[in-house]
file structure12.csv (CSV, C-alpha atoms)
chain,number,residue,atom,x,y,z
R,1,GLY,CA,3.2,-12.7,42.1
R,2,LEU,CA,1.6,-15.0,39.6
R,3,LEU,CA,0.6,-18.6,40.0
R,4,LYS,CA,0.4,-20.2,36.5
R,5,LEU,CA,-1.4,-23.4,35.8
R,6,TRP,CA,0.0,-25.5,32.9
R,7,THR,CA,-1.3,-28.5,31.1
R,8,LEU,CA,1.2,-31.3,30.4
R,9,LYS,CA,-0.7,-32.5,27.3
R,10,THR,CA,-0.1,-29.4,25.3
R,11,SER,CA,2.5,-27.6,27.4
R,12,GLU,CA,0.3,-24.5,27.5
R,13,CYS,CA,-0.6,-22.1,30.3
R,14,VAL,CA,-4.3,-22.5,30.9
R,15,ALA,CA,-4.6,-20.0,33.7
R,16,SER,CA,-2.8,-17.2,35.5
R,17,LEU,CA,-3.9,-16.5,39.1
R,18,GLU,CA,-2.8,-13.3,40.7
R,19,GLN,CA,-3.6,-12.8,44.4
R,20,HIS,CA,-0.2,-11.9,45.9
R,21,GLU,CA,1.1,-8.4,45.9
R,22,ASP,CA,4.7,-9.4,45.9
R,23,LYS,CA,6.8,-12.3,44.6
R,24,LEU,CA,5.5,-15.8,45.2
R,25,TRP,CA,8.0,-18.0,47.0
R,26,ALA,CA,6.2,-21.2,48.2
R,27,LEU,CA,3.7,-23.7,46.9
R,28,ALA,CA,2.3,-26.8,48.7
R,29,VAL,CA,-0.3,-29.4,47.8
R,30,ALA,CA,-2.6,-30.7,50.5
R,31,PRO,CA,-1.8,-34.3,51.4
R,32,GLY,CA,-4.5,-36.5,49.9
R,33,GLU,CA,-6.2,-33.6,48.2
R,34,ASP,CA,-5.0,-33.1,44.6
R,35,THR,CA,-7.4,-30.2,44.1
R,36,LEU,CA,-6.3,-28.1,47.1
R,37,LEU,CA,-3.0,-26.2,47.3
R,38,ALA,CA,-1.5,-23.2,49.2
R,39,THR,CA,0.8,-20.5,48.1
R,40,GLY,CA,3.0,-18.1,50.2
R,41,GLY,CA,4.6,-14.9,49.0
R,42,ALA,CA,6.9,-12.1,50.1
R,43,ASP,CA,3.9,-10.0,50.9
R,44,GLY,CA,3.4,-12.2,54.0
R,45,MET,CA,0.1,-13.7,52.7
R,46,ILE,CA,-0.9,-17.4,52.4
R,47,ASN,CA,-3.6,-18.1,49.8
R,48,PHE,CA,-5.5,-21.4,49.5
R,49,TRP,CA,-6.6,-22.5,46.0
R,50,ASP,CA,-9.2,-25.1,45.1
R,51,ASP,CA,-9.2,-26.7,41.6
R,52,VAL,CA,-12.8,-26.4,40.3
R,53,THR,CA,-12.0,-27.6,36.7
R,54,ALA,CA,-14.3,-30.6,37.0
R,55,GLU,CA,-17.2,-28.4,38.2
R,56,MET,CA,-16.5,-25.9,35.4
R,57,GLU,CA,-16.5,-28.6,32.8
R,58,ASP,CA,-19.8,-30.0,34.1
R,59,LYS,CA,-21.3,-26.5,34.0
R,60,ALA,CA,-20.2,-25.9,30.5
R,61,ARG,CA,-21.6,-29.3,29.4
R,62,GLN,CA,-24.9,-28.5,31.1
R,63,GLU,CA,-25.0,-25.1,29.4
R,64,GLN,CA,-24.3,-26.7,26.0
R,65,GLU,CA,-27.2,-29.1,26.5
R,66,GLU,CA,-29.5,-26.3,27.5
R,67,ASN,CA,-28.5,-24.3,24.5
R,68,LEU,CA,-29.3,-27.2,22.2
R,69,VAL,CA,-32.8,-27.5,23.7
R,70,LEU,CA,-33.3,-23.7,23.3
R,71,GLU,CA,-32.1,-23.8,19.7
R,72,GLN,CA,-34.6,-26.6,18.9
R,73,GLN,CA,-37.4,-24.6,20.7
R,74,MET,CA,-36.5,-21.5,18.7
R,75,MET,CA,-36.6,-23.4,15.4
R,76,ASN,CA,-39.9,-24.9,16.3
R,77,ALA,CA,-41.2,-21.4,17.1
R,78,LEU,CA,-40.0,-20.2,13.7
R,79,ARG,CA,-41.8,-23.0,11.9
R,80,ALA,CA,-44.9,-22.2,13.9
R,81,LYS,CA,-44.4,-18.4,13.1
R,82,ASP,CA,-44.4,-17.6,16.8
R,83,TYR,CA,-41.9,-14.9,16.3
R,84,LYS,CA,-42.1,-13.3,19.7
R,85,LEU,CA,-41.2,-16.6,21.4
R,86,ALA,CA,-38.4,-17.2,18.8
R,87,ALA,CA,-36.9,-13.7,19.5
R,88,LEU,CA,-37.1,-14.3,23.3
R,89,LEU,CA,-35.3,-17.6,22.9
R,90,ALA,CA,-32.7,-16.0,20.6
R,91,PHE,CA,-32.0,-13.4,23.4
R,92,ARG,CA,-31.6,-16.2,25.9
R,93,LEU,CA,-29.1,-18.0,23.6
R,94,LYS,CA,-27.1,-14.7,23.4
R,95,LYS,CA,-26.2,-15.5,19.8
R,96,PRO,CA,-26.6,-12.6,17.3
R,97,PHE,CA,-27.0,-14.8,14.3
R,98,HIS,CA,-30.1,-16.5,15.8
R,99,LEU,CA,-31.8,-13.2,16.5
R,100,LEU,CA,-30.9,-12.1,12.9
R,101,GLN,CA,-32.4,-15.2,11.6
R,102,VAL,CA,-35.7,-14.6,13.5
R,103,LEU,CA,-35.9,-11.0,12.3
R,104,GLN,CA,-35.2,-11.9,8.7
R,105,SER,CA,-38.1,-14.4,8.9
R,106,VAL,CA,-40.4,-11.6,10.2
R,107,ILE,CA,-39.3,-9.2,7.5
R,108,THR,CA,-40.1,-11.9,4.8
R,109,GLU,CA,-43.7,-11.7,6.0
R,110,LYS,CA,-43.8,-8.2,4.6
R,111,ASP,CA,-45.8,-6.9,7.5
R,112,GLU,CA,-44.4,-3.8,9.2
R,113,GLY,CA,-47.0,-4.1,12.0
R,114,LEU,CA,-45.7,-7.5,12.9
R,115,LEU,CA,-42.2,-6.3,13.0
R,116,ASP,CA,-43.2,-3.3,15.2
R,117,GLU,CA,-45.1,-5.6,17.5
R,118,ILE,CA,-42.1,-7.7,18.1
R,119,ILE,CA,-39.7,-4.8,18.5
R,120,VAL,CA,-41.9,-2.9,21.0
R,121,SER,CA,-42.1,-6.0,23.2
R,122,PHE,CA,-38.3,-5.8,23.9
R,123,THR,CA,-37.2,-4.9,27.4
R,124,SER,CA,-34.7,-2.1,27.9
R,125,GLU,CA,-31.9,-4.8,28.2
R,126,GLN,CA,-33.1,-6.6,25.1
R,127,LEU,CA,-33.2,-3.3,23.2
R,128,SER,CA,-29.6,-2.5,24.2
R,129,THR,CA,-28.5,-5.9,23.1
R,130,CYS,CA,-30.4,-5.7,19.8
R,131,LEU,CA,-28.8,-2.3,19.1
R,132,GLN,CA,-25.3,-3.8,19.7
R,133,TYR,CA,-26.1,-6.7,17.4
R,134,LEU,CA,-27.5,-4.3,14.9
R,135,ARG,CA,-24.3,-2.3,14.8
R,136,ASP,CA,-22.4,-5.4,13.7
R,137,TRP,CA,-25.1,-6.6,11.2
R,138,ASN,CA,-25.1,-3.2,9.5
R,139,THR,CA,-21.4,-3.6,8.6
R,140,SER,CA,-22.3,-6.3,6.1
R,141,ALA,CA,-24.0,-5.4,2.8
R,142,ARG,CA,-25.7,-8.8,2.9
R,143,ASN,CA,-27.6,-7.9,6.1
R,144,ALA,CA,-28.1,-4.2,5.3
R,145,HIS,CA,-31.8,-4.6,4.4
R,146,THR,CA,-32.6,-6.4,7.6
R,147,SER,CA,-30.5,-3.9,9.7
R,148,GLN,CA,-32.2,-0.9,8.2
R,149,ALA,CA,-35.7,-2.4,8.6
R,150,VAL,CA,-35.1,-3.3,12.2
R,151,LEU,CA,-33.5,0.1,12.9
R,152,LEU,CA,-36.6,1.9,11.4
R,153,ALA,CA,-38.9,-0.3,13.5
R,154,ILE,CA,-36.9,0.6,16.7
R,155,LEU,CA,-37.1,4.3,15.9
R,156,ARG,CA,-40.9,4.0,15.4
R,157,SER,CA,-41.4,2.0,18.6
R,158,PHE,CA,-39.2,3.7,21.1
R,159,SER,CA,-38.9,7.3,22.2
R,160,LEU,CA,-35.7,9.3,22.1
R,161,GLU,CA,-35.5,9.2,25.9
R,162,GLN,CA,-35.7,5.4,25.9
R,163,LEU,CA,-33.0,5.1,23.3
R,164,CYS,CA,-30.7,7.5,25.1
R,165,GLU,CA,-30.9,5.2,28.2
R,166,CYS,CA,-29.4,2.3,26.2
R,167,GLU,CA,-25.9,1.4,27.1
R,168,GLY,CA,-23.3,2.7,24.7
R,169,ILE,CA,-25.9,4.4,22.5
R,170,LYS,CA,-23.5,7.1,21.3
R,171,ASP,CA,-20.9,4.6,20.1
R,172,ILE,CA,-23.6,2.6,18.5
R,173,VAL,CA,-24.9,5.6,16.5
R,174,ASP,CA,-21.4,6.7,15.6
R,175,SER,CA,-20.9,3.2,14.1
R,176,LEU,CA,-24.2,3.0,12.4
R,177,LEU,CA,-24.0,6.3,10.5
R,178,PRO,CA,-21.1,5.7,8.1
R,179,TYR,CA,-22.2,2.2,7.1
R,180,THR,CA,-25.8,3.4,6.7
R,181,GLN,CA,-24.7,6.2,4.4
R,182,ARG,CA,-22.6,3.7,2.4
R,183,HIS,CA,-25.7,1.4,2.0
R,184,PHE,CA,-27.9,4.3,0.7
R,185,GLN,CA,-25.1,5.4,-1.6
R,186,ARG,CA,-25.0,1.9,-3.1
R,187,LEU,CA,-28.8,1.9,-3.6
R,188,GLU,CA,-28.6,5.3,-5.3
R,189,ASP,CA,-25.9,4.1,-7.6
R,190,ALA,CA,-28.0,1.0,-8.5
R,191,MET,CA,-31.0,3.3,-9.2
R,192,GLN,CA,-28.9,5.4,-11.6
R,193,ARG,CA,-27.8,2.2,-13.4
R,194,THR,CA,-31.5,1.3,-13.9
R,195,TYR,CA,-32.0,4.7,-15.6
R,196,MET,CA,-29.2,3.8,-18.0
R,197,LEU,CA,-31.0,0.4,-18.7
R,198,ASP,CA,-34.3,2.2,-19.4
R,199,PHE,CA,-32.5,4.6,-21.7
R,200,THR,CA,-30.9,1.7,-23.6
R,201,LEU,CA,-34.2,-0.2,-24.0
R,202,HIS,CA,-35.8,3.0,-25.2
R,203,ALA,CA,-33.0,3.5,-27.7
R,204,MET,CA,-33.4,-0.1,-28.9
R,205,ARG,CA,-37.1,0.4,-29.4
R,206,SER,CA,-36.4,3.5,-31.5
R,207,VAL,CA,-33.9,1.6,-33.7
R,208,LEU,CA,-36.4,-1.2,-34.2
R,209,GLY,CA,-39.1,1.2,-35.4
R,210,GLY,CA,-40.7,2.4,-32.2
R,211,SER,CA,-42.6,0.8,-29.3
R,212,ASP,CA,-45.8,0.6,-31.3
R,213,LYS,CA,-44.2,-1.7,-33.8
R,214,LEU,CA,-42.9,-3.9,-31.0
R,215,ASP,CA,-46.3,-4.0,-29.4
R,216,ASP,CA,-47.9,-5.0,-32.7
R,217,GLU,CA,-45.4,-7.8,-33.1
R,218,GLU,CA,-46.1,-9.1,-29.6
R,219,GLU,CA,-49.9,-9.0,-30.3
R,220,GLU,CA,-49.4,-10.8,-33.6
R,221,GLU,CA,-47.2,-13.5,-31.9
R,222,GLU,CA,-49.9,-14.1,-29.2
R,223,SER,CA,-52.6,-14.3,-31.9
R,224,LEU,CA,-50.7,-17.0,-33.7
R,225,GLN,CA,-50.4,-19.2,-30.7
R,226,PRO,CA,-53.9,-20.8,-30.9
R,227,TRP,CA,-53.4,-21.5,-34.6
R,228,ARG,CA,-50.0,-23.2,-34.0
R,229,ARG,CA,-51.5,-25.4,-31.2
R,230,THR,CA,-54.4,-26.4,-33.6
R,231,ARG,CA,-51.9,-27.3,-36.4
R,232,ALA,CA,-49.8,-29.3,-34.0
R,233,ARG,CA,-52.8,-31.2,-32.8
R,234,ARG,CA,-53.8,-32.1,-36.3
R,235,ALA,CA,-50.3,-33.3,-37.1
R,236,VAL,CA,-50.5,-35.7,-34.2
R,237,GLU,CA,-53.9,-37.0,-35.2
R,238,GLU,CA,-52.7,-37.6,-38.8
R,239,ARG,CA,-49.7,-39.6,-37.5
R,240,LYS,CA,-52.1,-41.8,-35.6
call {"tool": "encode", "arguments": {"input": "structure12.csv", "output": "structure tokens"}}
result
Amino acid sequence: GLLKLWTLKTSECVASLEQHEDKLWALAVAPGEDTLLATGGADGMINFWDDVTAEMEDKARQEQEENLVLEQQMMNALRAKDYKLAALLAFRLKKPFHLLQVLQSVITEKDEGLLDEIIVSFTSEQLSTCLQYLRDWNTSARNAHTSQAVLLAILRSFSLEQLCECEGIKDIVDSLLPYTQRHFQRLEDAMQRTYMLDFTLHAMRSVLGGSDKLDDEEEEEESLQPWRRTRARRAVEERK
């Protein structure tokens, strides 16, 4: 049997409590105790329930305040370029976007050693969490560069045995492969388009008389710049 809790404000069921193995036949509220009630069912059991909504709301409010403090500390660590601390705080917040933001900041430093240093400091639990986040990041072309850079750093920093111990590693790899292939195919297509651009520019140079002629024109243009500046200066002086 189910005990359903409804809110009168929205007429919605906010909780379904199941402790009876058979139909629920009786419900009573303790005199003078609005938060305590008892239920009886056809299974011969009597269950007592205590409403802890206020405690749960207080706990949620406290967690929200703590998260705000952690977010501020993480942003301060990012500004100070203390990326290890920022990554640790991102894990504590349990928000993938925050960790992505930290790793993107590390990658912009263009220092593979720094990225490896941060990745290798991950615990086994943090590594598993990062791989799960990475699986989701890799589905977006916008985050493909960050995902692939972090994945490469993970492969450099951890052994195959360590990676195999991660929770759900098979499903993670199965999810990473198709999107990774898609990202590399997109890069290959972009590279081929650059070849077409090079061919077009070369053809334009040929039509205009060859690259030597263009180079001569560029040199002539640069040689005229000092003369033009001198002439402009004289014109200003004459006006005065």
call {"tool": "atom_distance", "arguments": {"input": "structure12.csv", "atom1": "CA of Asp116 in chain R", "atom2": "CA of Arg142 in chain R"}}
result
22.1 Å
call {"tool": "residues_near_point", "arguments": {"input": "structure12.csv", "point": "(-39.1, -22.0, 18.5)", "cutoff": "12 Å", "atoms": "all atoms listed in the file", "output": "PyMOL selection string"}}
result
chain R and resi 68-90+93+98-99+101-102
call {"tool": "atom_distance", "arguments": {"input": "structure12.csv", "atom1": "CA of Gln19 in chain R", "atom2": "CA of Gly1 in chain R"}}
result
7.2 Å
call {"tool": "atom_distance", "arguments": {"input": "structure12.csv", "atom1": "CA of Asp136 in chain R", "atom2": "CA of Val150 in chain R"}}
result
13.0 Å
call {"tool": "residues_around", "arguments": {"input": "structure12.csv", "residues": "range 45-52 of chain R", "least_positions_apart": "2", "cutoff": "12 Å", "atoms": "all atoms listed in the file", "output": "number ranges by chain"}}
result
R: 1-3, 5, 15, 17-30, 33-43, 54-59
call {"tool": "closest_residue", "arguments": {"input": "structure12.csv", "among": "R:Met191, R:Ala144, R:Leu114, R:Leu177", "to": "Ser157 in chain R", "atoms": "only C-alpha atoms"}}
result
R:Leu114
